[in-house]
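A.B. asks: I have a structure here, written as C-alpha cells, and I will follow up with some questions on it.
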Amino acid sequence: MVRDLSLSRIRQGLRDKEFSSREITQAYLDRIEQLDSGLNSFTQAFRDAALAAADAADQRLASGDARPLEGVPIAHKDILATTEGRTTCGSKMLAHYCSPFDATVVDRLAAAGAVVVGKTNMDEFAMGSSNETSYFGPVRNPWCTDAVPGGSSGGSAAAVAARLAAGATGTDTGGSIRQPAALCGITGLKPTYGRCSRYGLVAFASSLDQPGPMAQTAEDCAHLLGAMAGHDERDSTSVARPVDDYTTGLESDLTGKVIGVPSEFFTEGLAPDVERAVQAALDQYRELGAEVREIHLPHYPYAIPTYQVISAAEASSNLARFDGVRYTHRAENPKNLVDMYESTRAEGFGAEVQRRVMVGTFVLSAGYYDAYYLKAQKVRTRIRDDFAAAFEEVDLIAGPTSPTAAFGIGEKAADPVAMYLSDLYTTAANLAGVPGISFPCGFSQGGLPVGMHLMANFFREDLLLNAAHRYQQVTDWHARVPEGV
Ligand code: GLN
C-alpha cells in the first residue's frame, strides 16, 4: 500500500482519514522486515515504539489536533542521537552506545508528530561515499543490489528508495545527503550551514556538517525541512532567523529565474550519460521559463582537496573524544593508560576513519599547518567568494550531483582518491555554506538513477525546493520505484 505513496500524500491521507498512522506504520515495518535483509539499510527498527507513537498520532488526528507531520513514518540516520535504541554512527566504537538525549532535529520532528520506524545505516562516522565503511556491513542500492547506494547517508537513501520509510534524515558534510539521493533516485536537500541545529549530531567536521531531509519529492522535503529547521540555543552556529513555510512557494513560476551552469563542471570526469540527463533537465528548465547561462566558479577545481584537508583536520579533533574512557568501546586488558587509548582506537575505528584521523593530525601538525590547513582555509574563502560573485548574477547554480551513476560494491574500495572524486560536485556547497538539493533527472545507460544538483544563495532553500518541485510536476523520474521492492 505505501509503495506508491509519497510522504506528502501519506500526510494528506492521514489528515483525510483515508488510513490510520498505525496501518501505514505497520506497512513500513512489514516492508522493513521483508525487504531489508537484502538491503541492510537499517541498523535497527523500532517496532514497539513506532506503533505506540502511531497510536498516539491517530488519537490526535481523530481529535482534530494534528501537528504538521502527525503520524508520518520516517527514519533517522544513525548519526543523530536518539534516546530510543542505540546511536552507532556506523562504528564499532559506538556499536552499543545509548544516548541519554535526543538530537534537536530528532526532537523537532517528534514534536511535529513524525513516527520513527528505525535508524539507518551509514558510512562509519559519515566518512565515505559508498556506505561500504559501516561496521554493520555495506548497504545495497535498491536499483541494483550489486551497486552502492552512495554515502554516507546511504541507508537513508536506500530506505526511502525502497519505500521502507516515507522520508528520512541525513547529514551532509561534503555531499552525504545529495550524492546518495542521486544514486538512489530520491530527493535530498542540504540546508544552509546553520539552518538546522547540529546538537546531537555526532560531529565529523563541525564547520561543514549539516542535517537535512531526504524523501521522494521536493514537496516531501519541504514538509520535513519546515519541521527540522530553526534556531537552537544549544548550537551556537545555528542561525536565529525565522523558518520559512517551505510549502507555500513550491508552485511559484520560474519565469525570469536565472540558472548558472559553471563550465568547470563539464570536465572529463563526468560520465556522458550523466551529462546527457543533466543537459535534458536544463532544457526542461528553459521550457519552464528559466534562463540558463554559462558562468564560472574558478576555484571549483580545488574544492575536493580543500575539503579533504579541512574535514580531516576537524575530524581528527572531533574524534579525539573516543578514547575508551567515555562512550562504549574499550580495549580489553590494556597494559597501561596509553595502551588503552591506542588499542581502543585501533580496534574501534575502521580503516577509513583511521586514515582521516591521521591525515587530519598531519595537516594540523607543527611545520605543516601553514602549508596545508591554513592554505586550505584561504582557498575556502576564495571558493566562497566565487559563489558570492555568481549569486550576484544568477538565482541558481545547476549541474550534476555525482560524476557517475552508482558504482559496484567493492569497485572503488581500494582506491580512496577515486572514491573522493564522487564528491566532485558537492563539497563546494559545504565549504561555502550554501544550500544544495539533488533530485532525479533520468537514468544511466545501465538503468541507474541520475541526479541533478541545484545550489542557491544562503537561506534560499525555498528557491531550491520551488525549482525542484516545478521540475517534478513535469517529469516522473522521482515517482519510479525500483523493481523488486
Ligand atoms: N563523501 C564525503 C566524505 O567521504 C562526504 C561525507 C559526508 O558528507 N559526510 O567525506
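Each chain in the C-alpha cells gets a letter, A, B, ..., in the order shown, and its residues are numbered from 1; ligands are numbered from 1 in order too.
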Would you mind listing what lies within 8 Å of stretch 246-248 of chain A as a PyMOL selection string, with only C-alpha atoms counted and same-chain residues fewer than 4 positions away left out?

C.D. replies: chain A and resi 219+222-223+225-226+461-462+465

A.B. asks: At a cut-off of 8 Å, using only C-alpha atoms, what residues contact A:Leu51? Leave out same-chain residues fewer than 6 positions from it and give the result as number ranges by chain.

C.D. replies: A: 22, 25-26

A.B. asks: Can you tell me which residues surround stretch 340-351 of chain A at a distance of at most 12 Å, considering only C-alpha atoms, apart from same-chain residues fewer than 6 positions away, and format the answer as a ChimeraX atom specification?

C.D. replies: /A:88-96,123-128,132-137,316,319-334,357-358,413-414,416

A.B. asks: Write the residues you've just listed into a file as a PDB file, in the first residue's frame, and include C-alpha atoms for each of them.

C.D. replies:
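Listed below is the output, result_27.pdb:
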```
ATOM      1  CA  THR A  88      26.022   3.719  16.478  1.00  0.00           C
ATOM      2  CA  CYS A  89      27.331   6.136  13.838  1.00  0.00           C
ATOM      3  CA  GLY A  90      28.093   3.010  11.786  1.00  0.00           C
ATOM      4  CA  SER A  91      31.061   2.291  14.055  1.00  0.00           C
ATOM      5  CA  LYS A  92      32.273  -0.461  16.327  1.00  0.00           C
ATOM      6  CA  MET A  93      33.301   2.373  18.633  1.00  0.00           C
ATOM      7  CA  LEU A  94      29.648   3.251  19.279  1.00  0.00           C
ATOM      8  CA  ALA A  95      28.014  -0.095  18.478  1.00  0.00           C
ATOM      9  CA  HIS A  96      26.373  -0.252  21.911  1.00  0.00           C
ATOM     10  CA  ASP A 123      29.437   5.076   6.445  1.00  0.00           C
ATOM     11  CA  GLU A 124      31.403   4.962   9.679  1.00  0.00           C
ATOM     12  CA  PHE A 125      31.339   8.426  11.257  1.00  0.00           C
ATOM     13  CA  ALA A 126      29.872   9.655   7.950  1.00  0.00           C
ATOM     14  CA  MET A 127      33.190   9.212   6.175  1.00  0.00           C
ATOM     15  CA  GLY A 128      32.548   7.759   2.772  1.00  0.00           C
ATOM     16  CA  GLU A 132      30.938   0.422   2.458  1.00  0.00           C
ATOM     17  CA  THR A 133      32.765   1.666   5.563  1.00  0.00           C
ATOM     18  CA  SER A 134      29.968   0.822   8.008  1.00  0.00           C
ATOM     19  CA  TYR A 135      30.854  -1.578  10.800  1.00  0.00           C
ATOM     20  CA  PHE A 136      27.405  -3.081  10.150  1.00  0.00           C
ATOM     21  CA  GLY A 137      28.204  -4.007   6.574  1.00  0.00           C
ATOM     22  CA  SER A 316      40.930  14.375  13.937  1.00  0.00           C
ATOM     23  CA  LEU A 319      37.176  12.068  17.149  1.00  0.00           C
ATOM     24  CA  ALA A 320      39.759  12.533  19.891  1.00  0.00           C
ATOM     25  CA  ARG A 321      36.915  12.063  22.377  1.00  0.00           C
ATOM     26  CA  PHE A 322      36.641   8.356  21.533  1.00  0.00           C
ATOM     27  CA  ASP A 323      39.346   7.222  23.879  1.00  0.00           C
ATOM     28  CA  GLY A 324      37.914   4.228  25.728  1.00  0.00           C
ATOM     29  CA  VAL A 325      37.149   6.315  28.812  1.00  0.00           C
ATOM     30  CA  ARG A 326      33.865   7.708  27.574  1.00  0.00           C
ATOM     31  CA  TYR A 327      31.494   6.142  25.005  1.00  0.00           C
ATOM     32  CA  THR A 328      31.192   2.354  24.956  1.00  0.00           C
ATOM     33  CA  HIS A 329      34.035   0.503  23.209  1.00  0.00           C
ATOM     34  CA  ARG A 330      37.154  -0.095  25.330  1.00  0.00           C
ATOM     35  CA  ALA A 331      40.046  -2.460  24.571  1.00  0.00           C
ATOM     36  CA  GLU A 332      40.411  -5.343  26.994  1.00  0.00           C
ATOM     37  CA  ASN A 333      43.410  -5.874  29.293  1.00  0.00           C
ATOM     38  CA  PRO A 334      45.419  -2.796  28.340  1.00  0.00           C
ATOM     39  CA  VAL A 357      42.397  10.964  11.644  1.00  0.00           C
ATOM     40  CA  MET A 358      45.995  10.501  10.508  1.00  0.00           C
ATOM     41  CA  ALA A 413      37.133   0.405  -2.111  1.00  0.00           C
ATOM     42  CA  ALA A 414      40.859   0.018  -2.699  1.00  0.00           C
ATOM     43  CA  PRO A 416      40.417   6.262  -1.724  1.00  0.00           C
TER      44      PRO A 416
END
```

A.B. asks: From the options A:Leu396, A:Ala27, A:Cys144, A:Leu14, which residue's atoms come nearest to A:Glu483, counting only C-alpha atoms?

C.D. replies: A:Cys144

A.B. asks: From a backbone DSSP assignment, name each residue in stretch 4-59 of chain A labelled strand (DSSP E), as a list in words.

C.D. replies: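 So, restricting stretch 4-59 of chain A to strand (DSSP E), we get Phe42, Thr43, Gln44 and Ala45 of chain A.
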
A.B. asks: Just the number, please: distance in Å from atom CA of A:Thr381 to atom CA of A:Phe458, one decimal.

C.D. replies: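 Those two atoms sit 15.2 Å apart.
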
A.B. asks: Which value, in Å to one decimal, gives the distance between atom CA of A:Leu448 and atom CA of A:Pro403?

C.D. replies: 13.0 Å

A.B. asks: Give as an MDAnalysis selection string the residues surrounding ligand 1 up to a distance of 9 Å, considering only C-alpha atoms and all ligand atoms.

C.D. replies: chainID A and resid 123 125:130 150:153 171:179 204:205 208:210 307:308 311:312 352 356 419:423 426:427 430

A.B. asks: Determine, using only C-alpha atoms, which residues of stretch 210-325 of chain A have any atom at most 8 Å from an atom of stretch 105-116 of chain A, and tabulate each with its shortest atom pair and distance in Å to one decimal place, rows ordered by chain and then rising number, as a Markdown table.

C.D. replies:
```
| residue | atom | partner | partner_atom | distance |
| --- | --- | --- | --- | --- |
| A:Pro211 | CA | A:Val105 | CA | 7.9 |
| A:Leu224 | CA | A:Leu109 | CA | 7.7 |
| A:Ala227 | CA | A:Leu109 | CA | 5.7 |
| A:Met228 | CA | A:Val105 | CA | 5.1 |
| A:Ala229 | CA | A:Val105 | CA | 7.5 |
```
